[in-house]
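This report refers to the structure that appears directly beneath it.
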Amino acid sequence: MFSLLNIRVGWFLAWRQIRRSSVWTTSLIIFVMLLTFLNLVVVTGILVGLVQGITDLYRLQETGDVIVSTLDTKNYIEQSPQIISFIQTLPQVEHVTARYIVNGSIEANYKTRTDPNEKPNESGAAIVGIDPVAENAFSGIARNVEEGSFLAPGDFDSVVVGSQLIAKYSFGEIPGIRPLKNVGPGSVVRITVNGQTREVVIKGILIDKANSPLSSQVFMSAAQLRTLAGRDDYSVNQVAIRLKKGVDEVAFKDLLVRSGVGRFAKVQTFEQAIPNGVEDVKNTFAVLGNAISSVGLVVASITIFIVIFINALTRRKFIGILKGIGISPQAIEVAYLLQSMFYALVGSSIGLIILFGFLVPYISAHPINLPISNTVLVAPVGETLLRVVLLVLATLIAGYIPARMIVKKNTLDSILGRN
Amino acid sequence: MAALIETKKLVKAYKSGDGVSTILKGIDFSVERGEFVSIMGRSGAGKSTLMYQMSLLDEPTSGDISIDGTNTRHMSEKEKAAFRLRKFGFVFQDYALMPELTATENIVLPLLMESYTFTQAQAMAADALTRVGLGHRLHNVPSQLSGGEQQRVSIARAIAEQPEILFADEPTANLDRESAKVVIDLFLELHAHGQTIIMVTHEEEYGHVADRIIRLDEGSIVSIEKGVRHAHARKQPTKKQSKK
């Protein structure tokens, strides 16, 4: 079928039919192809980007590029000061922050509670001790303080609290957390850690997405938490590392492990540290996106089928004459295949320009603000090109079937318009 | 002269409701090389059907058709298509030009199928259009041409490769008198150069210009008459004939 002669004659016919057909009709078909392509890429890309937004948030606020954390068999990282000092000397490192993390509780309105049977305005929380300057340099956490202000160096008896712990900002109850009522910046609350209780003032409230790791934590100065938790050996629970641009996190992780850090702590890249479920959700959304997009693919195929069918049907007589004067049926079919391919390729090409020239960079710079994450558009080049191939293939099949249906009709019947 | 086309007991029948309608009832007939034959008859006489059988556009129900000594009965559809491409030229009543192609491109298309290069095909198309008096209309699409001009493009397409046989199905039926005369004059000129022409027409005035007139009625030949041009001199054979 695809002999050079048939392709040559088919191309001659196809190109002239495209060039001299109505600009509006051609534009409309290309527009449908463009929308189909964008539907194929953007729906999946946004769904995956939704989860990518969560992942990015974890990477930004919690794990950094590489995270060193407590071994499963220990309560804290042994040799923490030496490990932190070693990491800080490495040239690949841009920022480091060390965190003390303990389980505790936060209670409000305990002074005004008169009824001993009344349920305390209290919640469990992860109490995180940080160096405010290092933590802010690492994640820009201060930007998330929308009420009150962030901790300053030397702040004592002050905390900033995640939004999920404050009823006013909470997205709803999550297991183990009961948002505190009637509190805000300036409220006095009680922090209890290891049976030690300390009265502190809420200095600020961290407001972010429901999935933000900041949302259910209470931050205080590392010095105060060390005292409260009796952690006087300076052993921290986490060391999060942000690497300089271009540094490979896997190679850096391996370097830390080889350097002996692995004997005292778990060393993970951000991908390893992110909860397993996140990757599963990402894959699930990708499948869902593909399923939704495939409907668009079917619609595009039907559009091309109809366009080619009507085109071929209205030209049935001409097709008959072409066959009559000796043009091979295959060359005529190739002409329709090439037309279908033209529509799909032009639509996809415009789609690629819009996607990589505008949508991806724009949404990357201005993520879509959805309740669970700042969503970006994920469109890996390889997968996107695969979708172009899919669209072209679907279009070719959709174009070939009607062309074949008309071309295979009896030549004389076509010429005479007989059924 | 040797017969270029010969039909023997040619029958064409169609199913018609519960019965069978026989359009051609055993036609025995031959056309000699270089002859100009008109097939005439009233509407429904079977003249177009006869032409479709002879030009291998349709399959007879029974009987044989030999073209240049080759019996076409057992030819596949592909072989017939190749035969039509190489040996025949067609002129249809409604011109049958591709609307998106210019006059030149309409002629170039079948030539490309014959493996000519694009440049060769363009030159041949320009030559053919010049022969039919349309050297100034090379780049016009059919909608920019009059009916007569479109029919001349159709003739140019048919003769571009100097076919052995030119089949014309009611070539003047859609034309005004003046354009029809131009078309007939073209046929006569081609015929004068040795072109074999088989023309189906119901117009007496144009049918009589042929060497012979075959009259059909109800699927049978009722008469074979000599036309006014019977003794017309043939100057030279066509290119394909001279190749043989």
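We name chains A, B, ... following the order of the structure tokens; residues begin at 1 in each chain, and ligands are numbered from 1 as shown.
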Item to complete: Provide as a ChimeraX atom specification the residues of chain A at most 12 Å from chain B, counting only C-alpha atoms.
Response: /A:3-22,314-332,408,410-416
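Atom CA of Leu129 of chain B is positioned 6.6 Å from atom CA of Val153 of chain B.
Candidate residues A:Leu313, A:Val250, A:Leu165, A:Val307 were compared for distance to Gln272 of chain A, and the nearest is A:Val250, using only C-alpha atoms.
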Discussion item. When you look at Phe219 of chain A with a cut-off of 6 Å (counting only C-alpha atoms), what residues show up, excluding the ones that are within fewer than 3 positions of it in the same chain? I need them as a ChimeraX atom specification.
Written reply: /A:128-129,159-160
Quick one: write out the picked residues with C-alpha atoms as a CSV table (one decimal), in the first residue's frame?
```csv
chain,number,residue,atom,x,y,z
A,128,VAL,CA,9.5,21.2,66.8
A,129,GLY,CA,12.5,23.0,68.2
A,159,VAL,CA,5.6,29.6,69.7
A,160,VAL,CA,4.2,29.7,66.3
```
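The nearest approach to Pro371 of chain A among the residues A:Arg263, A:Lys209, A:Arg387, A:Arg113, with only C-alpha atoms taken into account, belongs to A:Lys209.
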Practice prompt. For Leu24 of chain B, list every protein, DNA or RNA residue within 8 Å, evaluated using only C-alpha atoms, and leave out those in the same chain fewer than 5 positions away; present the list as number ranges by chain.
Written response: B: 10-13, 46, 49-50, 218-220
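With only C-alpha atoms taken into account, the protein and nucleic acid residues at most 6 Å from Ala45 of chain B (excluding it and anything under 2 positions from it in its own chain) are Gly41, Arg42, Ser43, Lys47, Leu216, Asp217, Glu218 and Gly219 of chain B.
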Residue subset to file, keeping N, CA, C and O atoms, as a PDB file, in the first residue's frame:
```
ATOM      1  N   GLY B  41     -27.760   6.324 -29.906  1.00  0.00           N
ATOM      2  CA  GLY B  41     -29.015   5.647 -29.574  1.00  0.00           C
ATOM      3  C   GLY B  41     -29.786   6.503 -28.593  1.00  0.00           C
ATOM      4  O   GLY B  41     -29.241   7.438 -28.004  1.00  0.00           O
ATOM      5  N   ARG B  42     -31.030   6.176 -28.423  1.00  0.00           N
ATOM      6  CA  ARG B  42     -31.830   6.992 -27.509  1.00  0.00           C
ATOM      7  C   ARG B  42     -31.477   6.638 -26.067  1.00  0.00           C
ATOM      8  O   ARG B  42     -30.741   5.674 -25.820  1.00  0.00           O
ATOM      9  N   SER B  43     -32.022   7.425 -25.170  1.00  0.00           N
ATOM     10  CA  SER B  43     -31.716   7.218 -23.748  1.00  0.00           C
ATOM     11  C   SER B  43     -32.120   5.809 -23.314  1.00  0.00           C
ATOM     12  O   SER B  43     -33.214   5.341 -23.654  1.00  0.00           O
ATOM     13  N   LYS B  47     -25.862   2.534 -24.672  1.00  0.00           N
ATOM     14  CA  LYS B  47     -24.619   3.022 -25.284  1.00  0.00           C
ATOM     15  C   LYS B  47     -23.521   3.304 -24.248  1.00  0.00           C
ATOM     16  O   LYS B  47     -22.379   2.913 -24.438  1.00  0.00           O
ATOM     17  N   LEU B 216     -27.515   1.758 -31.288  1.00  0.00           N
ATOM     18  CA  LEU B 216     -28.035   0.751 -30.359  1.00  0.00           C
ATOM     19  C   LEU B 216     -29.495   1.040 -30.066  1.00  0.00           C
ATOM     20  O   LEU B 216     -29.911   2.195 -30.021  1.00  0.00           O
ATOM     21  N   ASP B 217     -30.214  -0.020 -29.852  1.00  0.00           N
ATOM     22  CA  ASP B 217     -31.581   0.125 -29.360  1.00  0.00           C
ATOM     23  C   ASP B 217     -31.917  -1.103 -28.516  1.00  0.00           C
ATOM     24  O   ASP B 217     -31.702  -2.236 -28.978  1.00  0.00           O
ATOM     25  N   GLU B 218     -32.354  -0.853 -27.313  1.00  0.00           N
ATOM     26  CA  GLU B 218     -32.717  -1.929 -26.375  1.00  0.00           C
ATOM     27  C   GLU B 218     -31.624  -2.994 -26.262  1.00  0.00           C
ATOM     28  O   GLU B 218     -31.891  -4.191 -26.274  1.00  0.00           O
ATOM     29  N   GLY B 219     -30.395  -2.517 -26.211  1.00  0.00           N
ATOM     30  CA  GLY B 219     -29.276  -3.414 -25.917  1.00  0.00           C
ATOM     31  C   GLY B 219     -28.717  -4.167 -27.100  1.00  0.00           C
ATOM     32  O   GLY B 219     -27.848  -5.027 -26.933  1.00  0.00           O
TER      33      GLY B 219
END
```
Worksheet item: Tell me, which residues of segment 19-185 of chain B carry DSSP strand (DSSP E), written as a PyMOL selection string?
Response: chain B and resi 19-32+36-40+62-67+70-71+88-91+165-169
Item to complete: For Asp131 of chain A, please output as a PyMOL selection string all residues within 12 Å (counting only C-alpha atoms; exclusion window: fewer than 6 positions along the same chain).
Response: chain A and resi 96-100+137-138+141+150-156+219-226+236+239
Fill in: For Pro275 of chain A: contacts at 12 Å, only C-alpha atoms, fewer than 2 positions along chain excluded, given as a PyMOL selection string
chain A and resi 51+54-55+58-59+62-63+211+213+268+270-273+277-282
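Of the residues under consideration (B:Thr117, B:Thr61, B:Gln150, B:Ser48), B:Thr61 shows the shortest atom-to-atom contact distance to Tyr14 of chain B when counting only C-alpha atoms.
Going from atom CA of Ala128 of chain B over to atom CA of Ser38 of chain B, you cover 23.4 Å.
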Discussion item. Taking only C-alpha atoms into account, name the residue in A:Gln238, A:Ser294, A:Thr197, A:Ser215 that is nearest to Ser69 of chain A.
Written reply: A:Gln238
Item to complete: Report the residues of segment 8-256 of chain A whose backbone DSSP state falls under alpha helix (DSSP H), written as a ChimeraX atom specification.
Response: /A:8-20,23-58,80-89,132-139,222-229,249-256
